[in-house]
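File shown: input_16.cif. Contents: mmCIF, C-alpha atoms.
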```
data_entry
loop_
_atom_site.group_PDB
_atom_site.id
_atom_site.type_symbol
_atom_site.label_atom_id
_atom_site.label_comp_id
_atom_site.auth_asym_id
_atom_site.auth_seq_id
_atom_site.Cartn_x
_atom_site.Cartn_y
_atom_site.Cartn_z
ATOM 1 C CA MET X 347 10.180 -3.994 21.728
ATOM 2 C CA THR X 348 7.164 -4.151 19.441
ATOM 3 C CA GLN X 349 7.691 -3.068 15.850
ATOM 4 C CA LEU X 350 4.064 -1.994 15.511
ATOM 5 C CA LYS X 351 3.254 1.674 16.072
ATOM 6 C CA ILE X 352 -0.221 3.128 16.550
ATOM 7 C CA SER X 353 -0.731 6.884 16.587
ATOM 8 C CA ALA X 354 -2.997 8.792 18.908
ATOM 9 C CA ALA X 355 -6.575 9.055 17.668
ATOM 10 C CA THR X 356 -6.957 12.176 15.531
ATOM 11 C CA HIS X 357 -10.145 13.952 14.495
ATOM 12 C CA GLY X 358 -10.441 15.343 10.991
ATOM 13 C CA GLN X 359 -10.363 19.067 10.397
ATOM 14 C CA PRO X 360 -13.709 20.480 9.210
ATOM 15 C CA LEU X 361 -13.482 21.866 5.680
ATOM 16 C CA THR X 362 -16.248 23.832 3.944
ATOM 17 C CA ILE X 363 -16.056 25.279 0.432
ATOM 18 C CA GLY X 364 -19.038 27.290 -0.731
ATOM 19 C CA SER X 365 -22.484 25.931 -0.012
ATOM 20 C CA GLY X 366 -22.017 22.573 -1.749
ATOM 21 C CA PHE X 367 -18.952 20.952 -0.157
ATOM 22 C CA GLN X 368 -18.324 19.884 3.432
ATOM 23 C CA ALA X 369 -15.566 17.513 4.518
ATOM 24 C CA GLN X 370 -13.531 16.075 7.336
ATOM 25 C CA HIS X 371 -9.903 16.506 6.245
ATOM 26 C CA PHE X 372 -7.001 14.292 7.322
ATOM 27 C CA GLY X 373 -3.424 15.091 6.278
ATOM 28 C CA GLU X 374 -0.423 12.793 6.526
ATOM 29 C CA GLN X 375 1.303 15.228 8.912
ATOM 30 C CA MET X 376 -1.378 14.480 11.532
ATOM 31 C CA PHE X 377 -0.063 10.922 11.815
ATOM 32 C CA HIS X 378 3.713 11.569 11.843
ATOM 33 C CA GLY X 379 4.479 9.346 8.867
ATOM 34 C CA LEU X 380 2.438 6.355 10.018
ATOM 35 C CA ILE X 381 -0.013 6.441 7.074
ATOM 36 C CA ASP X 382 2.611 6.666 4.279
ATOM 37 C CA PRO X 383 1.839 6.239 1.312
ATOM 38 C CA VAL X 384 -1.465 8.036 2.027
ATOM 39 C CA VAL X 385 -0.959 11.797 1.724
ATOM 40 C CA MET X 386 -4.471 13.101 2.354
ATOM 41 C CA VAL X 387 -8.035 11.921 2.939
ATOM 42 C CA ASP X 388 -11.185 14.011 2.618
ATOM 43 C CA HIS X 389 -14.415 12.395 3.801
ATOM 44 C CA PHE X 390 -16.863 14.631 1.988
ATOM 45 C CA HIS X 391 -20.433 15.456 1.104
ATOM 46 C CA MET X 392 -20.979 17.424 -2.110
ATOM 47 C CA THR X 393 -24.293 18.715 -3.414
ATOM 48 C CA SER X 394 -23.187 21.005 -6.252
ATOM 49 C CA PRO X 395 -20.177 21.462 -8.551
ATOM 50 C CA THR X 396 -17.405 22.993 -6.458
ATOM 51 C CA PHE X 397 -13.992 22.548 -8.088
ATOM 52 C CA GLU X 398 -12.812 23.878 -11.415
ATOM 53 C CA PRO X 399 -10.677 21.567 -13.585
ATOM 54 C CA HIS X 400 -7.348 21.226 -11.782
ATOM 55 C CA PRO X 401 -4.017 19.413 -12.177
ATOM 56 C CA HIS X 402 -2.398 16.576 -10.231
ATOM 57 C CA ALA X 403 1.109 15.164 -10.440
ATOM 58 C CA GLY X 404 3.154 12.650 -8.457
ATOM 59 C CA ILE X 405 0.171 10.971 -6.811
ATOM 60 C CA SER X 406 -2.948 8.949 -7.429
ATOM 61 C CA ALA X 407 -6.170 10.911 -6.832
ATOM 62 C CA VAL X 408 -8.678 8.290 -5.703
ATOM 63 C CA THR X 409 -12.442 8.682 -5.385
ATOM 64 C CA TYR X 410 -14.401 6.031 -3.515
ATOM 65 C CA MET X 411 -18.179 6.488 -3.455
ATOM 66 C CA PHE X 412 -20.082 5.287 -0.423
ATOM 67 C CA GLU X 413 -23.171 3.228 -1.185
ATOM 68 C CA ASP X 414 -25.527 5.779 0.392
ATOM 69 C CA ALA X 415 -24.621 8.529 -2.087
ATOM 70 C CA SER X 416 -27.766 9.450 -3.973
ATOM 71 C CA SER X 417 -26.324 10.653 -7.270
ATOM 72 C CA PRO X 418 -23.355 9.984 -9.546
ATOM 73 C CA HIS X 419 -20.099 11.897 -9.283
ATOM 74 C CA VAL X 420 -19.133 12.518 -12.895
ATOM 75 C CA ASN X 421 -15.462 12.403 -13.865
ATOM 76 C CA TYR X 422 -13.865 14.372 -16.704
ATOM 77 C CA ASP X 423 -10.116 14.255 -17.375
ATOM 78 C CA SER X 424 -7.533 15.422 -19.890
ATOM 79 C CA MET X 425 -6.905 11.836 -21.056
ATOM 80 C CA GLY X 426 -10.369 11.694 -22.592
ATOM 81 C CA ASN X 427 -12.126 9.764 -19.836
ATOM 82 C CA GLN X 428 -15.639 10.899 -19.003
ATOM 83 C CA GLY X 429 -18.344 9.111 -17.085
ATOM 84 C CA PRO X 430 -20.209 8.643 -13.830
ATOM 85 C CA ILE X 431 -18.705 7.298 -10.636
ATOM 86 C CA VAL X 432 -21.852 5.762 -9.188
ATOM 87 C CA PRO X 433 -22.570 4.966 -5.533
ATOM 88 C CA GLY X 434 -20.348 2.067 -4.470
ATOM 89 C CA ALA X 435 -17.773 2.584 -7.258
ATOM 90 C CA LEU X 436 -14.040 3.325 -7.190
ATOM 91 C CA HIS X 437 -12.183 5.627 -9.591
ATOM 92 C CA TRP X 438 -8.376 5.734 -9.395
ATOM 93 C CA LEU X 439 -6.518 8.433 -11.343
ATOM 94 C CA ALA X 440 -2.789 7.666 -11.360
ATOM 95 C CA ALA X 441 -1.663 11.175 -12.285
ATOM 96 C CA GLY X 442 2.018 10.332 -12.775
ATOM 97 C CA ARG X 443 3.789 13.179 -14.542
ATOM 98 C CA GLY X 444 0.572 15.157 -14.763
ATOM 99 C CA ALA X 445 -3.110 15.205 -15.683
ATOM 100 C CA VAL X 446 -6.075 17.552 -15.342
ATOM 101 C CA HIS X 447 -9.483 16.440 -14.101
ATOM 102 C CA THR X 448 -12.621 17.446 -12.334
ATOM 103 C CA GLU X 449 -15.452 15.507 -10.713
ATOM 104 C CA GLN X 450 -18.876 16.930 -10.007
ATOM 105 C CA PRO X 451 -22.268 15.719 -8.776
ATOM 106 C CA GLU X 452 -24.897 15.640 -11.478
ATOM 107 C CA GLY X 453 -28.549 14.690 -11.765
ATOM 108 C CA ALA X 454 -31.661 15.687 -9.866
ATOM 109 C CA ASN X 455 -31.111 16.576 -6.187
ATOM 110 C CA PRO X 456 -27.451 15.544 -6.240
ATOM 111 C CA HIS X 457 -25.733 14.375 -3.056
ATOM 112 C CA VAL X 458 -22.343 12.711 -3.258
ATOM 113 C CA HIS X 459 -20.983 10.997 -0.144
ATOM 114 C CA ALA X 460 -17.434 9.815 -0.751
ATOM 115 C CA LEU X 461 -13.749 9.719 0.061
ATOM 116 C CA GLN X 462 -11.107 11.617 -1.881
ATOM 117 C CA ILE X 463 -7.714 10.056 -1.187
ATOM 118 C CA PHE X 464 -4.274 11.134 -2.361
ATOM 119 C CA VAL X 465 -1.972 8.106 -2.508
ATOM 120 C CA ASN X 466 1.684 8.905 -3.064
ATOM 121 C CA LEU X 467 3.542 7.395 -5.998
ATOM 122 C CA PRO X 468 7.108 6.140 -5.547
ATOM 123 C CA ALA X 469 9.869 8.237 -7.087
ATOM 124 C CA SER X 470 10.297 5.620 -9.817
ATOM 125 C CA LYS X 471 6.691 6.150 -11.007
ATOM 126 C CA LYS X 472 6.132 9.875 -10.532
ATOM 127 C CA MET X 473 7.037 10.637 -14.145
ATOM 128 C CA GLN X 474 5.092 7.820 -15.770
ATOM 129 C CA ALA X 475 2.226 8.591 -18.129
ATOM 130 C CA PRO X 476 -1.110 9.145 -16.366
ATOM 131 C CA PHE X 477 -3.875 6.552 -16.529
ATOM 132 C CA ALA X 478 -7.130 5.700 -14.771
ATOM 133 C CA VAL X 479 -8.598 2.524 -13.275
ATOM 134 C CA HIS X 480 -12.348 2.307 -12.718
ATOM 135 C CA ALA X 481 -14.264 -0.324 -10.746
ATOM 136 C CA ASP X 482 -18.056 -0.402 -10.746
ATOM 137 C CA PRO X 483 -19.941 -1.682 -7.685
ATOM 138 C CA ALA X 484 -20.329 -5.142 -9.214
ATOM 139 C CA ASP X 485 -16.520 -5.357 -9.502
ATOM 140 C CA ILE X 486 -15.997 -4.925 -5.757
ATOM 141 C CA PRO X 487 -16.064 -8.167 -3.725
ATOM 142 C CA GLU X 488 -17.286 -8.433 -0.145
ATOM 143 C CA TYR X 489 -16.257 -10.261 2.985
ATOM 144 C CA GLN X 490 -19.232 -11.304 5.094
ATOM 145 C CA ALA X 491 -19.507 -12.859 8.545
ATOM 146 C CA PRO X 492 -22.241 -12.668 11.202
ATOM 147 C CA GLY X 493 -22.684 -8.982 11.972
ATOM 148 C CA VAL X 494 -19.883 -7.937 9.609
ATOM 149 C CA ARG X 495 -19.851 -6.765 5.977
ATOM 150 C CA VAL X 496 -16.693 -5.378 4.380
ATOM 151 C CA ARG X 497 -16.407 -4.163 0.775
ATOM 152 C CA ILE X 498 -12.900 -4.765 -0.546
ATOM 153 C CA ALA X 499 -12.675 -1.783 -2.882
ATOM 154 C CA ALA X 500 -8.980 -2.471 -3.514
ATOM 155 C CA GLY X 501 -6.447 -5.002 -2.336
ATOM 156 C CA SER X 502 -7.123 -8.091 -0.244
ATOM 157 C CA SER X 503 -8.504 -9.117 3.119
ATOM 158 C CA ASN X 504 -9.430 -12.467 4.654
ATOM 159 C CA GLY X 505 -8.569 -14.334 1.467
ATOM 160 C CA ILE X 506 -10.748 -12.146 -0.785
ATOM 161 C CA HIS X 507 -9.022 -10.104 -3.509
ATOM 162 C CA ALA X 508 -10.284 -7.268 -5.715
ATOM 163 C CA ALA X 509 -9.134 -8.222 -9.211
ATOM 164 C CA HIS X 510 -8.792 -4.646 -10.499
ATOM 165 C CA THR X 511 -6.036 -4.051 -7.930
ATOM 166 C CA ALA X 512 -3.585 -5.595 -10.419
ATOM 167 C CA ALA X 513 -4.048 -2.516 -12.638
ATOM 168 C CA LEU X 514 -3.139 -0.014 -9.900
ATOM 169 C CA PRO X 515 0.313 1.576 -9.940
ATOM 170 C CA GLU X 516 1.134 0.044 -6.529
ATOM 171 C CA ALA X 517 -0.479 -2.523 -4.263
ATOM 172 C CA PHE X 518 -3.034 -0.862 -1.988
ATOM 173 C CA THR X 519 -5.933 -1.936 0.218
ATOM 174 C CA LEU X 520 -9.154 0.037 0.693
ATOM 175 C CA LEU X 521 -11.776 -1.548 2.944
ATOM 176 C CA ASP X 522 -15.260 -0.099 3.491
ATOM 177 C CA GLY X 523 -16.714 -1.940 6.465
ATOM 178 C CA PHE X 524 -19.790 -2.236 8.643
ATOM 179 C CA ILE X 525 -19.715 -3.938 12.058
ATOM 180 C CA ASP X 526 -22.786 -4.572 14.188
ATOM 181 C CA ALA X 527 -22.711 -3.903 17.921
ATOM 182 C CA GLY X 528 -20.529 -6.402 19.774
ATOM 183 C CA GLN X 529 -18.914 -7.848 16.642
ATOM 184 C CA ARG X 530 -15.285 -7.964 15.475
ATOM 185 C CA PHE X 531 -13.377 -7.840 12.210
ATOM 186 C CA ALA X 532 -9.734 -8.804 11.684
ATOM 187 C CA HIS X 533 -7.303 -7.733 8.970
ATOM 188 C CA VAL X 534 -3.655 -8.739 8.559
ATOM 189 C CA LEU X 535 -1.073 -5.965 8.175
ATOM 190 C CA GLU X 536 2.106 -7.173 6.472
ATOM 191 C CA PRO X 537 5.610 -6.025 7.492
ATOM 192 C CA GLY X 538 6.517 -2.740 5.829
ATOM 193 C CA TRP X 539 2.875 -1.725 5.392
ATOM 194 C CA ASN X 540 1.149 1.212 7.042
ATOM 195 C CA ALA X 541 -2.557 1.749 7.572
ATOM 196 C CA MET X 542 -5.129 4.361 8.494
ATOM 197 C CA LEU X 543 -8.239 3.208 10.369
ATOM 198 C CA TYR X 544 -11.117 5.711 10.379
ATOM 199 C CA ALA X 545 -14.211 5.301 12.573
ATOM 200 C CA ILE X 546 -16.845 7.139 10.568
ATOM 201 C CA ASP X 547 -19.937 7.223 12.755
ATOM 202 C CA ALA X 548 -19.296 5.352 16.036
ATOM 203 C CA PRO X 549 -16.334 4.475 18.265
ATOM 204 C CA LEU X 550 -14.054 1.525 17.561
ATOM 205 C CA LYS X 551 -11.481 -0.351 19.608
ATOM 206 C CA LEU X 552 -8.331 -1.554 17.849
ATOM 207 C CA THR X 553 -6.102 -4.259 19.322
ATOM 208 C CA ALA X 554 -2.927 -5.575 17.697
ATOM 209 C CA ASP X 555 0.376 -7.052 18.852
ATOM 210 C CA GLY X 556 -0.430 -6.504 22.525
ATOM 211 C CA GLN X 557 -1.421 -2.870 21.985
ATOM 212 C CA SER X 558 -4.824 -1.224 21.922
ATOM 213 C CA ALA X 559 -6.349 2.081 20.885
ATOM 214 C CA ASP X 560 -9.774 3.595 21.383
ATOM 215 C CA ILE X 561 -10.919 5.508 18.312
ATOM 216 C CA PRO X 562 -13.788 7.970 18.814
ATOM 217 C CA ALA X 563 -16.387 8.503 16.128
ATOM 218 C CA ARG X 564 -15.065 10.713 13.281
ATOM 219 C CA ALA X 565 -11.451 10.053 14.316
ATOM 220 C CA ALA X 566 -8.651 7.959 12.832
ATOM 221 C CA VAL X 567 -5.361 6.342 13.822
ATOM 222 C CA GLY X 568 -2.221 5.609 11.839
ATOM 223 C CA ILE X 569 -0.687 2.143 12.123
ATOM 224 C CA ALA X 570 2.803 1.178 10.990
ATOM 225 C CA LEU X 571 4.528 -2.209 11.027
ATOM 226 C CA ALA X 572 8.277 -2.021 10.500
ATOM 227 C CA ASP X 573 9.683 -3.712 7.425
ATOM 228 C CA SER X 574 12.021 -5.653 9.715
ATOM 229 C CA ALA X 575 9.136 -7.125 11.727
ATOM 230 C CA ALA X 576 9.371 -10.887 12.076
ATOM 231 C CA HIS X 577 5.687 -11.438 11.421
ATOM 232 C CA ALA X 578 2.524 -9.772 10.180
ATOM 233 C CA ALA X 579 0.231 -8.004 12.655
ATOM 234 C CA ARG X 580 -3.382 -9.063 13.077
ATOM 235 C CA LEU X 581 -5.516 -5.951 13.486
ATOM 236 C CA GLN X 582 -8.622 -6.716 15.546
ATOM 237 C CA ILE X 583 -11.397 -4.143 15.198
ATOM 238 C CA HIS X 584 -14.225 -4.256 17.740
ATOM 239 C CA ALA X 585 -17.409 -2.198 17.758
ATOM 240 C CA GLU X 586 -19.471 -1.754 20.914
ATOM 241 C CA ALA X 587 -22.115 0.021 18.823
ATOM 242 C CA GLY X 588 -22.771 -0.507 15.146
ATOM 243 C CA CYS X 589 -20.024 1.259 13.185
ATOM 244 C CA HIS X 590 -19.140 2.190 9.619
ATOM 245 C CA PHE X 591 -15.350 2.260 9.186
ATOM 246 C CA VAL X 592 -12.691 2.603 6.502
ATOM 247 C CA LEU X 593 -9.232 1.049 6.453
ATOM 248 C CA LEU X 594 -6.602 2.293 3.996
ATOM 249 C CA SER X 595 -3.280 0.485 3.724
ATOM 250 C CA GLY X 596 -0.195 0.456 1.540
ATOM 251 C CA LEU X 597 3.497 -0.335 1.501
ATOM 252 C CA ALA X 598 5.401 2.553 3.103
ATOM 253 C CA LEU X 599 7.537 4.444 0.578
ATOM 254 C CA ASN X 600 9.861 6.081 3.126
ATOM 255 C CA GLU X 601 10.852 8.737 0.586
ATOM 256 C CA PRO X 602 11.176 12.542 0.835
ATOM 257 C CA LEU X 603 7.788 14.236 0.559
ATOM 258 C CA VAL X 604 7.345 17.741 -0.844
ATOM 259 C CA LYS X 605 3.793 18.996 -1.376
ATOM 260 C CA HIS X 606 2.458 21.959 -3.324
ATOM 261 C CA GLY X 607 -1.331 21.819 -3.537
ATOM 262 C CA PRO X 608 -2.214 18.911 -5.840
ATOM 263 C CA PHE X 609 1.446 18.185 -6.670
ATOM 264 C CA VAL X 610 3.475 15.764 -4.527
ATOM 265 C CA MET X 611 7.089 15.120 -5.461
ATOM 266 C CA ASN X 612 10.400 14.291 -3.776
ATOM 267 C CA SER X 613 12.032 17.740 -3.990
ATOM 268 C CA SER X 614 11.213 21.406 -4.506
ATOM 269 C CA GLU X 615 13.010 21.272 -7.847
ATOM 270 C CA GLU X 616 10.666 18.525 -9.027
ATOM 271 C CA ILE X 617 7.654 20.529 -7.837
ATOM 272 C CA ASN X 618 8.819 23.534 -9.846
ATOM 273 C CA ASP X 619 9.383 21.328 -12.895
ATOM 274 C CA ARG X 620 5.795 20.028 -12.724
ATOM 275 C CA ILE X 621 4.377 23.533 -12.237
ATOM 276 C CA TRP X 622 6.226 24.731 -15.333
ATOM 277 C CA ALA X 623 5.091 21.657 -17.284
ATOM 278 C CA TYR X 624 1.470 22.392 -16.338
ATOM 279 C CA GLN X 625 1.837 26.028 -17.337
ATOM 280 C CA ARG X 626 3.238 24.915 -20.700
ATOM 281 C CA GLY X 627 0.100 22.843 -21.272
ATOM 282 C CA GLU X 628 1.797 19.455 -20.977
ATOM 283 C CA PHE X 629 -0.952 18.072 -18.710
ATOM 284 C CA GLY X 630 -3.692 18.720 -21.285
ATOM 285 C CA GLN X 631 -6.793 20.645 -20.351
ATOM 286 C CA LEU X 632 -10.551 20.676 -20.027
ATOM 287 C CA THR X 633 -12.792 23.435 -21.325
ATOM 288 C CA GLU X 634 -16.349 24.466 -20.619
ATOM 289 C CA ASP X 635 -17.270 22.933 -23.976
ATOM 290 C CA TRP X 636 -15.769 19.624 -22.828
ATOM 291 C CA LEU X 637 -17.767 19.737 -19.602
ATOM 292 C CA ARG X 638 -20.992 20.377 -21.476
ATOM 293 C CA ASN X 639 -20.462 17.880 -24.259
ATOM 294 C CA GLY X 640 -17.865 15.382 -23.044
ATOM 295 C CA ARG X 641 -15.332 16.299 -25.750
ATOM 296 C CA PRO X 642 -11.708 17.341 -25.291
ATOM 297 C CA SER X 643 -10.618 20.645 -26.769
ATOM 298 C CA ALA X 644 -8.658 20.685 -29.997
#
```
Show me, as structure tokens, the structure contained in the file I just sent.
Amino acid sequence: MTQLKISAATHGQPLTIGSGFQAQHFGEQMFHGLIDPVVMVDHFHMTSPTFEPHPHAGISAVTYMFEDASSPHVNYDSMGNQGPIVPGALHWLAAGRGAVHTEQPEGANPHVHALQIFVNLPASKKMQAPFAVHADPADIPEYQAPGVRVRIAAGSSNGIHAAHTAALPEAFTLLDGFIDAGQRFAHVLEPGWNAMLYAIDAPLKLTADGQSADIPARAAVGIALADSAAHAARLQIHAEAGCHFVLLSGLALNEPLVKHGPFVMNSSEEINDRIWAYQRGEFGQLTEDWLRNGRPSA
């Protein structure tokens, strides 16, 4: 029996907030555990500030900007970081025991096209101090072959490694790929790793370990390779029409998962502890003065 599992193709749920935010939302529950450690993915377009400063705990909140975004997405957080996430950049907030942040499009005629990804932290790292890792477009290497271009925003693929991955709390792979009609791309999934493959704008066909899956445009599949598998799985991605795709992959945590909004812990007691810590001000805060002037409050 194969130790590779591929979920049914799942379309994202449309999500609209106000007039400036539209997204396709994918939650881990849609894939029955096969995308662990990914908790949530929003593929979004944002044209105006939408979210007030808000807390996170127990996860990494990851923003990856697609290259066709036309304005920066500016980050502000309670650790004192402030600056633009430009088109093609990656910003990884490892929230740990708790941090507050916001990100908003700025500049003339803003239009942010990006992914917001919640990546779970293992129990051993949920109470570590928060920190951020930032990679500008020039820091992100590419794999190129005839009819194929893949940006390796984190992790490794086909012998190419993103150096900033060493600073992340856990190993993780984020691939932003483009395949011309009739071309293929392959990526190796190691035992114990899960993946999510998202066909953004055209259908894809996935084949691996004697199995296959057809993925419609704007749909995704979860892929899991058991830790006890004797060998890695070679994921073959084929596009009959030109396709933009994303592949997210990490080592499965296989731990209890309790979610409460932007908090993800291993038990309800831990969730309550983080809520109380936030209410006591232990996560820090942002103020309107900070957002205007880039300065933390006293």
### Query
Which residues, protein or nucleic acid, reach to within 9 Å of (-18.3, 7.1, -15.0) in the file's coordinates when using all atoms listed in the file, and can you give that as a ChimeraX atom specification?
/X:418-422,427-432,435,437,480,482
### Query
List as a PyMOL selection string: which residues have an atom within 12 Å of (3.0, -9.4, 13.6), counting all atoms listed in the file?
chain X and resi 348-351+533-539+553-557+570-581
Those selected residues, please, written with C-alpha atoms and delivered as a PDB file, in the coordinates of the input.
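Generated output (part.pdb):
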```pdb
ATOM      1  CA  THR X 348       7.164  -4.151  19.441  1.00  0.00           C
ATOM      2  CA  GLN X 349       7.691  -3.068  15.850  1.00  0.00           C
ATOM      3  CA  LEU X 350       4.064  -1.994  15.511  1.00  0.00           C
ATOM      4  CA  LYS X 351       3.254   1.674  16.072  1.00  0.00           C
ATOM      5  CA  HIS X 533      -7.303  -7.733   8.970  1.00  0.00           C
ATOM      6  CA  VAL X 534      -3.655  -8.739   8.559  1.00  0.00           C
ATOM      7  CA  LEU X 535      -1.073  -5.965   8.175  1.00  0.00           C
ATOM      8  CA  GLU X 536       2.106  -7.173   6.472  1.00  0.00           C
ATOM      9  CA  PRO X 537       5.610  -6.025   7.492  1.00  0.00           C
ATOM     10  CA  GLY X 538       6.517  -2.740   5.829  1.00  0.00           C
ATOM     11  CA  TRP X 539       2.875  -1.725   5.392  1.00  0.00           C
ATOM     12  CA  THR X 553      -6.102  -4.259  19.322  1.00  0.00           C
ATOM     13  CA  ALA X 554      -2.927  -5.575  17.697  1.00  0.00           C
ATOM     14  CA  ASP X 555       0.376  -7.052  18.852  1.00  0.00           C
ATOM     15  CA  GLY X 556      -0.430  -6.504  22.525  1.00  0.00           C
ATOM     16  CA  GLN X 557      -1.421  -2.870  21.985  1.00  0.00           C
ATOM     17  CA  ALA X 570       2.803   1.178  10.990  1.00  0.00           C
ATOM     18  CA  LEU X 571       4.528  -2.209  11.027  1.00  0.00           C
ATOM     19  CA  ALA X 572       8.277  -2.021  10.500  1.00  0.00           C
ATOM     20  CA  ASP X 573       9.683  -3.712   7.425  1.00  0.00           C
ATOM     21  CA  SER X 574      12.021  -5.653   9.715  1.00  0.00           C
ATOM     22  CA  ALA X 575       9.136  -7.125  11.727  1.00  0.00           C
ATOM     23  CA  ALA X 576       9.371 -10.887  12.076  1.00  0.00           C
ATOM     24  CA  HIS X 577       5.687 -11.438  11.421  1.00  0.00           C
ATOM     25  CA  ALA X 578       2.524  -9.772  10.180  1.00  0.00           C
ATOM     26  CA  ALA X 579       0.231  -8.004  12.655  1.00  0.00           C
ATOM     27  CA  ARG X 580      -3.382  -9.063  13.077  1.00  0.00           C
ATOM     28  CA  LEU X 581      -5.516  -5.951  13.486  1.00  0.00           C
TER      29      LEU X 581
END
```
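Atom pair atom CA of Leu543 of chain X / atom CA of Phe591 of chain X: separated by 7.3 Å.
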### Query
Could you spell out the hits of the PyMOL selection byres ((chain X and resi 387) around 8) on the shown file, as a list in words?
His371, Phe372, Gly373, Val384, Val385, Met386, Asp388, His389, Leu461, Gln462, Ile463 and Phe464 of chain X
Write out as JSON lines the residues of segment 460-577 of chain X that have any atom within 8 Å of an atom of segment 604-613 of chain X, one row each with the nearest atom pair and its distance in Å to one decimal, counting all atoms listed in the file, sorted by chain and then rising number.
```
{"residue": "X:Asn466", "atom": "CA", "partner": "X:Val610", "partner_atom": "CA", "distance": 7.2}
{"residue": "X:Ala469", "atom": "CA", "partner": "X:Asn612", "partner_atom": "CA", "distance": 6.9}
{"residue": "X:Lys472", "atom": "CA", "partner": "X:Met611", "partner_atom": "CA", "distance": 7.4}
```
### Query
How many Å separate atom CA of Leu520 of chain X from atom CA of Asn504 of chain X?
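The value is 13.1 Å.
In this comparison, which uses only C-alpha atoms, the residue of X:Asp560, X:Glu516, X:Glu488, X:Asp522 approaching Ala598 of chain X most closely is X:Glu516.
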Got a sec: who's within 7 Å of Pro433 of chain X, counting all atoms listed in the file, leaving out chain neighbours fewer than 5 positions off, as a PDB file with C-alpha atoms, in the frame of the given file?
```pdb
ATOM      1  CA  MET X 411     -18.179   6.488  -3.455  1.00  0.00           C
ATOM      2  CA  PHE X 412     -20.082   5.287  -0.423  1.00  0.00           C
ATOM      3  CA  GLU X 413     -23.171   3.228  -1.185  1.00  0.00           C
ATOM      4  CA  ASP X 414     -25.527   5.779   0.392  1.00  0.00           C
ATOM      5  CA  ALA X 415     -24.621   8.529  -2.087  1.00  0.00           C
ATOM      6  CA  PRO X 418     -23.355   9.984  -9.546  1.00  0.00           C
TER       7      PRO X 418
END
```
